[in-house]
Amino acid sequence: MQTLKISFIGGGNMAEALIAGLLSSNHEPQNILVSEPRPQRRLELSDQYGIRTTADNNEAALGTDILVLAVKPQQMRDAVRSIAGHLGEQATVVSIAAGVRTASLAEWLDDAAHIVRVMPNTPALVGAGMSVLFSKAGGTYCQRAEYVLKSCGEVAWVDHEDQLHAVTAVSGSGPAYFFLLAEMMQAAGVSLGLPKALAEKLATQTALGAGRMLCESGRSAEALRHQVTSPGGTTQAALDVMYEMGLPDAVRKGVVAASKRSAELG
Ligand SMILES: NC(=O)c1ccc[n+]([C@@H]2O[C@H](COP(=O)([O-])OP(=O)(O)OC[C@H]3O[C@@H](n4cnc5c(N)ncnc54)[C@H](OP(=O)(O)O)[C@@H]3O)[C@@H](O)[C@H]2O)c1
């Protein structure tokens, strides 16, 4: 896989996260080409990562094994139409744009294109992303897309494209739910008299520790919660109030609202 030619259309934040991940998996920098309209951004990417850059989307498409579409959803139609006809028959097209359906990409590109649609999330920027993939393309194309996304975190697949709405609601928007909780914990710490910097550190390190326990302990979230909740203790006092004020219901309804919004935008 390390010798495959990988091109990016759009050299923004998510493209950079994937490039950094690929290089740390020993992908050859000279096999990575980014097409990006802003000259300053092209310079930044080539200086920092030693990869090749261009302002010409067709150059990026021509002869590449994997083409990653990493522009904003509203920029996608123009970007994709500009490369139609320049892709090789065996190229894998990986779209990370939220809400852009594979049928639209196929219509704009070419119905024979091998398309994999991905819903990543922002922790990809620190190598801890969660990407969910959907495709009707064959095994090799799926493996190639998985190789790219695995470089910056975990991957999973869904069988039905419509499931990506729920994925968007849970892992796509999910980091914001944890950030909100961290914000609220920090503010509460300050209101109880802690210095702001200390309250921030406590919330941040607690989020990291809880996340690592979820990943590494092999125990469920529910089991871990029970483990830190002694009957009649401080955690129990907090959780009683949170349940009483409807936090679980608020989270459930919030996730459903995000999924509905994803369907509306799609
Ligand atoms: N960031 C996230 O949290 C996140 C999470 C999940 C999915 N995604 C998806 O990832 C995609 C990229 O997001 P991002 O945050 O990386 O966006 P971004 O930072 O705005 O990057 C997009 C880049 O593409 C360039 N571009 C625009 N039109 C182009 C064209 N026709 N040809 C080539 N390049 C073009 C843009 O240049 P200009 O600035 O000059 O327009 C910009 O540098 C989006 O579709 C988004 O839905 C992002």
# chains A, B, ... in the order shown; residues from 1 in each chain; ligands from 1
call {"tool": "closest_atom_pairs", "arguments": {"of": "chain A", "to": "ligand 1", "cutoff": "8 Å", "atoms": "only C-alpha atoms and all ligand atoms", "output": "Markdown table"}}
result
| residue | atom | partner | partner_atom_place_in_ligand_line | distance |
| --- | --- | --- | --- | --- |
| A:Ile9 | CA | ligand 1 | 33 (C) | 4.7 |
| A:Gly10 | CA | ligand 1 | 24 (O) | 3.2 |
| A:Gly11 | CA | ligand 1 | 43 (O) | 4.8 |
| A:Gly12 | CA | ligand 1 | 21 (O) | 3.2 |
| A:Asn13 | CA | ligand 1 | 16 (O) | 3.7 |
| A:Met14 | CA | ligand 1 | 16 (O) | 3.7 |
| A:Ala15 | CA | ligand 1 | 16 (O) | 5.7 |
| A:Glu16 | CA | ligand 1 | 16 (O) | 7.5 |
| A:Ser35 | CA | ligand 1 | 33 (C) | 5.5 |
| A:Glu36 | CA | ligand 1 | 34 (N) | 4.4 |
| A:Pro37 | CA | ligand 1 | 34 (N) | 5.5 |
| A:Arg38 | CA | ligand 1 | 40 (O) | 5.6 |
| A:Arg41 | CA | ligand 1 | 43 (O) | 7.2 |
| A:Ala55 | CA | ligand 1 | 33 (C) | 7.5 |
| A:Asp56 | CA | ligand 1 | 33 (C) | 7.9 |
| A:Asn57 | CA | ligand 1 | 32 (N) | 6.1 |
| A:Leu69 | CA | ligand 1 | 11 (C) | 7.6 |
| A:Ala70 | CA | ligand 1 | 12 (C) | 4.4 |
| A:Val71 | CA | ligand 1 | 22 (C) | 4.0 |
| A:Lys72 | CA | ligand 1 | 45 (O) | 3.6 |
| A:Pro73 | CA | ligand 1 | 45 (O) | 4.5 |
| A:Gln74 | CA | ligand 1 | 45 (O) | 7.8 |
| A:Gln75 | CA | ligand 1 | 28 (N) | 5.2 |
| A:Met76 | CA | ligand 1 | 31 (N) | 7.0 |
| A:Asp78 | CA | ligand 1 | 31 (N) | 5.7 |
| A:Ala79 | CA | ligand 1 | 31 (N) | 3.8 |
| A:Val80 | CA | ligand 1 | 31 (N) | 7.6 |
| A:Ser82 | CA | ligand 1 | 31 (N) | 7.6 |
| A:Ser95 | CA | ligand 1 | 45 (O) | 7.8 |
| A:Ile96 | CA | ligand 1 | 10 (O) | 5.0 |
| A:Ala97 | CA | ligand 1 | 45 (O) | 3.1 |
| A:Ala98 | CA | ligand 1 | 47 (O) | 3.9 |
| A:Gly99 | CA | ligand 1 | 47 (O) | 7.3 |
| A:Val118 | CA | ligand 1 | 7 (C) | 7.9 |
| A:Met119 | CA | ligand 1 | 6 (C) | 5.7 |
| A:Pro120 | CA | ligand 1 | 6 (C) | 4.5 |
| A:Asn121 | CA | ligand 1 | 5 (C) | 4.2 |
| A:Thr122 | CA | ligand 1 | 3 (O) | 4.2 |
| A:Gly172 | CA | ligand 1 | 6 (C) | 6.0 |
call {"tool": "residues_around", "arguments": {"residues": "segment 213-217 of chain A", "least_positions_apart": "6", "cutoff": "12 Å", "atoms": "only C-alpha atoms", "output": "ChimeraX atom specification"}}
result
/A:128,154,206-207,223-225,227-228
call {"tool": "write_last_selection", "arguments": {"atoms": "C-alpha atoms", "output": "tab-separated table (two decimals), in the first residue's frame"}}
result
chain	number	residue	atom	x	y	z
A	128	ALA	CA	-7.55	9.43	17.12
A	154	GLU	CA	-10.16	3.63	13.81
A	206	THR	CA	-10.38	13.52	33.25
A	207	ALA	CA	-11.77	13.38	29.69
A	223	ALA	CA	-19.78	-0.94	34.00
A	224	LEU	CA	-17.11	1.74	34.33
A	225	ARG	CA	-19.71	4.22	35.59
A	227	GLN	CA	-17.27	1.17	39.25
A	228	VAL	CA	-16.75	4.84	40.24
call {"tool": "residues_around", "arguments": {"residues": "Asn26 of chain A", "least_positions_apart": "4", "cutoff": "9 Å", "atoms": "only C-alpha atoms", "output": "PyMOL selection string"}}
result
chain A and resi 2+21-22
call {"tool": "write_last_selection", "arguments": {"atoms": "C-alpha atoms", "output": "PDB file, in the first residue's frame"}}
result
ATOM      1  CA  GLN A   2       2.860   2.435   0.846  1.00  0.00           C
ATOM      2  CA  GLY A  21      -1.238   9.917   9.275  1.00  0.00           C
ATOM      3  CA  LEU A  22      -0.111   8.385   5.988  1.00  0.00           C
TER       4      LEU A  22
END
call {"tool": "atom_distance", "arguments": {"atom1": "atom CA of Lys196 of chain A", "atom2": "atom CA of Leu208 of chain A"}}
result
18.4 Å
call {"tool": "select_by_dssp", "arguments": {"residues": "segment 82-213 of chain A", "states": "alpha helix (DSSP H)", "output": "PyMOL selection string"}}
result
chain A and resi 82-83+102-108+139-150+163-167+174-191+196-213
call {"tool": "atom_distance", "arguments": {"atom1": "atom CA of Ala84 of chain A", "atom2": "atom CA of Leu164 of chain A"}}
result
25.4 Å
call {"tool": "residues_around", "arguments": {"residues": "Ala169 of chain A", "least_positions_apart": "2", "cutoff": "8 Å", "atoms": "only C-alpha atoms", "output": "list in words"}}
result
His165, Ala166, Val167, Ser171, Gly172, Ser173, Gly174, Val255, Val256, Ala257, Ala258, Ser259 and Ser262 of chain A
call {"tool": "residues_around", "arguments": {"residues": "Ile6 of chain A", "least_positions_apart": "2", "cutoff": "12 Å", "atoms": "only C-alpha atoms", "output": "JSON, numbers by chain"}}
result
{"A": [1, 2, 3, 4, 8, 9, 15, 18, 19, 22, 23, 27, 28, 29, 30, 31, 32, 33, 34, 35, 51, 52, 53, 59, 60, 61, 62, 63, 64, 65, 66, 67, 68, 69, 91, 92, 93, 94, 144, 145, 147, 148]}
call {"tool": "write_last_selection", "arguments": {"atoms": "C-alpha atoms", "output": "CSV table (one decimal), in the first residue's frame"}}
result
chain,number,residue,atom,x,y,z
A,1,MET,CA,0.0,0.0,0.0
A,2,GLN,CA,2.9,2.4,0.8
A,3,THR,CA,3.8,2.7,-2.8
A,4,LEU,CA,0.3,3.6,-4.1
A,8,PHE,CA,-6.0,14.9,-2.6
A,9,ILE,CA,-8.5,17.4,-4.1
A,15,ALA,CA,-6.5,16.4,4.1
A,18,LEU,CA,-4.8,12.2,6.6
A,19,ILE,CA,-1.4,13.2,5.0
A,22,LEU,CA,-0.1,8.4,6.0
A,23,LEU,CA,3.4,9.7,6.4
A,27,HIS,CA,3.8,6.2,3.1
A,28,GLU,CA,6.3,7.6,0.6
A,29,PRO,CA,5.9,11.5,0.5
A,30,GLN,CA,6.6,11.7,-3.2
A,31,ASN,CA,3.6,9.4,-3.8
A,32,ILE,CA,1.3,12.0,-2.2
A,33,LEU,CA,0.0,14.9,-4.4
A,34,VAL,CA,-2.4,17.6,-3.2
A,35,SER,CA,-4.4,19.9,-5.4
A,51,ILE,CA,4.8,16.0,-0.5
A,52,ARG,CA,4.0,17.3,-4.0
A,53,THR,CA,1.4,19.9,-4.7
A,59,GLU,CA,-3.0,16.7,-12.6
A,60,ALA,CA,-4.0,15.2,-9.3
A,61,ALA,CA,-6.6,12.9,-10.8
A,62,LEU,CA,-4.4,11.7,-13.7
A,63,GLY,CA,-2.7,8.3,-13.0
A,64,THR,CA,-3.5,8.3,-9.3
A,65,ASP,CA,-4.4,5.0,-7.5
A,66,ILE,CA,-6.5,6.7,-4.8
A,67,LEU,CA,-8.2,10.1,-5.1
A,68,VAL,CA,-9.4,11.6,-1.8
A,69,LEU,CA,-12.0,14.3,-2.2
A,91,ALA,CA,-8.8,4.5,-9.3
A,92,THR,CA,-10.4,4.4,-5.9
A,93,VAL,CA,-12.4,7.6,-5.2
A,94,VAL,CA,-12.7,8.4,-1.5
A,144,ARG,CA,-7.4,1.0,-0.2
A,145,ALA,CA,-9.9,3.5,1.3
A,147,TYR,CA,-5.7,2.0,4.4
A,148,VAL,CA,-6.0,5.8,4.0
call {"tool": "residues_around", "arguments": {"residues": "Thr102 of chain A", "least_positions_apart": "4", "cutoff": "7 Å", "atoms": "only C-alpha atoms", "output": "MDAnalysis selection string"}}
result
chainID A and resid 106 115 117
call {"tool": "select_by_dssp", "arguments": {"residues": "segment 21-184 of chain A", "states": "strand (DSSP E)", "output": "ChimeraX atom specification"}}
result
/A:32-35,52-54,66-69,92-95,114-119,129-135,153-157
call {"tool": "write_last_selection", "arguments": {"atoms": "N, CA, C and O atoms", "output": "short mmCIF file (atom, residue, chain, number, x, y, z; two decimals), in the first residue's frame"}}
result
data_model
loop_
_atom_site.label_atom_id
_atom_site.label_comp_id
_atom_site.auth_asym_id
_atom_site.auth_seq_id
_atom_site.Cartn_x
_atom_site.Cartn_y
_atom_site.Cartn_z
N ILE A 32 2.48 11.25 -2.66
CA ILE A 32 1.30 12.01 -2.24
C ILE A 32 1.28 13.35 -2.98
O ILE A 32 2.28 14.08 -2.99
N LEU A 33 0.16 13.63 -3.62
CA LEU A 33 0.02 14.87 -4.39
C LEU A 33 -1.27 15.57 -3.95
O LEU A 33 -2.33 14.93 -3.88
N VAL A 34 -1.17 16.86 -3.64
CA VAL A 34 -2.35 17.60 -3.19
C VAL A 34 -2.67 18.71 -4.18
O VAL A 34 -1.78 19.50 -4.53
N SER A 35 -3.92 18.77 -4.60
CA SER A 35 -4.36 19.89 -5.43
C SER A 35 -5.10 20.87 -4.56
O SER A 35 -6.09 20.52 -3.90
N ARG A 52 4.13 16.44 -2.81
CA ARG A 52 4.01 17.26 -4.01
C ARG A 52 2.68 18.01 -4.01
O ARG A 52 1.69 17.49 -3.45
N THR A 53 2.65 19.18 -4.60
CA THR A 53 1.40 19.95 -4.66
C THR A 53 1.19 20.48 -6.08
O THR A 53 2.13 20.57 -6.86
N THR A 54 -0.06 20.82 -6.36
CA THR A 54 -0.41 21.40 -7.66
C THR A 54 -1.65 22.27 -7.48
O THR A 54 -2.35 22.15 -6.47
N ILE A 66 -5.43 6.35 -5.71
CA ILE A 66 -6.50 6.74 -4.79
C ILE A 66 -6.67 8.26 -4.88
O ILE A 66 -5.70 9.01 -4.77
N LEU A 67 -7.91 8.69 -5.08
CA LEU A 67 -8.19 10.13 -5.12
C LEU A 67 -9.08 10.46 -3.93
O LEU A 67 -10.20 9.95 -3.83
N VAL A 68 -8.57 11.28 -3.02
CA VAL A 68 -9.36 11.65 -1.83
C VAL A 68 -9.99 13.01 -2.09
O VAL A 68 -9.29 14.00 -2.33
N LEU A 69 -11.32 13.04 -2.04
CA LEU A 69 -12.05 14.30 -2.25
C LEU A 69 -12.22 14.94 -0.88
O LEU A 69 -12.99 14.46 -0.05
N THR A 92 -9.46 4.46 -7.03
CA THR A 92 -10.43 4.45 -5.93
C THR A 92 -10.72 5.90 -5.55
O THR A 92 -9.79 6.67 -5.31
N VAL A 93 -12.00 6.26 -5.53
CA VAL A 93 -12.37 7.64 -5.17
C VAL A 93 -12.92 7.61 -3.74
O VAL A 93 -13.89 6.90 -3.45
N VAL A 94 -12.28 8.37 -2.86
CA VAL A 94 -12.69 8.39 -1.45
C VAL A 94 -13.21 9.79 -1.14
O VAL A 94 -12.47 10.76 -1.22
N SER A 95 -14.50 9.88 -0.80
CA SER A 95 -15.05 11.20 -0.44
C SER A 95 -15.25 11.29 1.06
O SER A 95 -15.89 10.42 1.65
N HIS A 114 -15.16 3.97 -8.86
CA HIS A 114 -15.20 3.12 -7.67
C HIS A 114 -15.17 4.03 -6.44
O HIS A 114 -14.10 4.50 -6.04
N ILE A 115 -16.35 4.28 -5.89
CA ILE A 115 -16.49 5.33 -4.88
C ILE A 115 -16.64 4.75 -3.48
O ILE A 115 -17.43 3.82 -3.27
N VAL A 116 -15.92 5.32 -2.54
CA VAL A 116 -16.08 4.97 -1.13
C VAL A 116 -16.40 6.28 -0.40
O VAL A 116 -15.67 7.26 -0.52
N ARG A 117 -17.52 6.26 0.32
CA ARG A 117 -17.90 7.47 1.07
C ARG A 117 -17.56 7.27 2.55
O ARG A 117 -17.80 6.20 3.10
N VAL A 118 -17.02 8.32 3.14
CA VAL A 118 -16.53 8.21 4.52
C VAL A 118 -17.09 9.33 5.39
O VAL A 118 -17.19 10.47 4.95
N MET A 119 -17.46 8.99 6.62
CA MET A 119 -17.77 10.02 7.61
C MET A 119 -16.66 9.98 8.67
O MET A 119 -16.65 9.09 9.53
N GLY A 129 -9.00 9.54 15.20
CA GLY A 129 -10.29 9.69 14.52
C GLY A 129 -11.14 8.43 14.56
O GLY A 129 -10.65 7.33 14.85
N MET A 130 -12.42 8.62 14.25
CA MET A 130 -13.33 7.50 14.03
C MET A 130 -13.94 7.72 12.66
O MET A 130 -14.68 8.71 12.46
N SER A 131 -13.63 6.86 11.71
CA SER A 131 -14.15 7.01 10.36
C SER A 131 -15.05 5.84 10.04
O SER A 131 -14.68 4.69 10.26
N VAL A 132 -16.22 6.14 9.49
CA VAL A 132 -17.14 5.09 9.09
C VAL A 132 -17.30 5.15 7.58
O VAL A 132 -17.51 6.22 7.00
N LEU A 133 -17.16 3.98 6.94
CA LEU A 133 -17.09 3.93 5.48
C LEU A 133 -18.31 3.19 4.92
O LEU A 133 -18.84 2.26 5.55
N PHE A 134 -18.69 3.61 3.71
CA PHE A 134 -19.75 2.92 2.97
C PHE A 134 -19.33 2.85 1.51
O PHE A 134 -18.82 3.83 0.95
N SER A 135 -19.56 1.69 0.90
CA SER A 135 -19.24 1.58 -0.53
C SER A 135 -19.96 0.39 -1.14
O SER A 135 -20.25 -0.60 -0.46
N GLY A 153 -6.69 6.88 12.66
CA GLY A 153 -7.64 6.43 13.69
C GLY A 153 -8.29 5.11 13.36
O GLY A 153 -7.77 4.32 12.56
N GLU A 154 -9.44 4.89 13.97
CA GLU A 154 -10.16 3.63 13.81
C GLU A 154 -11.12 3.72 12.62
O GLU A 154 -11.57 4.82 12.26
N VAL A 155 -11.46 2.55 12.04
CA VAL A 155 -12.44 2.54 10.95
C VAL A 155 -13.51 1.49 11.23
O VAL A 155 -13.27 0.51 11.92
N ALA A 156 -14.70 1.74 10.67
CA ALA A 156 -15.80 0.77 10.71
C ALA A 156 -16.59 0.95 9.42
O ALA A 156 -16.43 1.96 8.72
N TRP A 157 -17.41 -0.04 9.12
CA TRP A 157 -18.20 0.01 7.87
C TRP A 157 -19.69 -0.04 8.17
O TRP A 157 -20.11 -0.67 9.16
#
call {"tool": "atom_distance", "arguments": {"atom1": "atom CA of Ser151 of chain A", "atom2": "atom CA of Ala20 of chain A"}}
result
8.2 Å
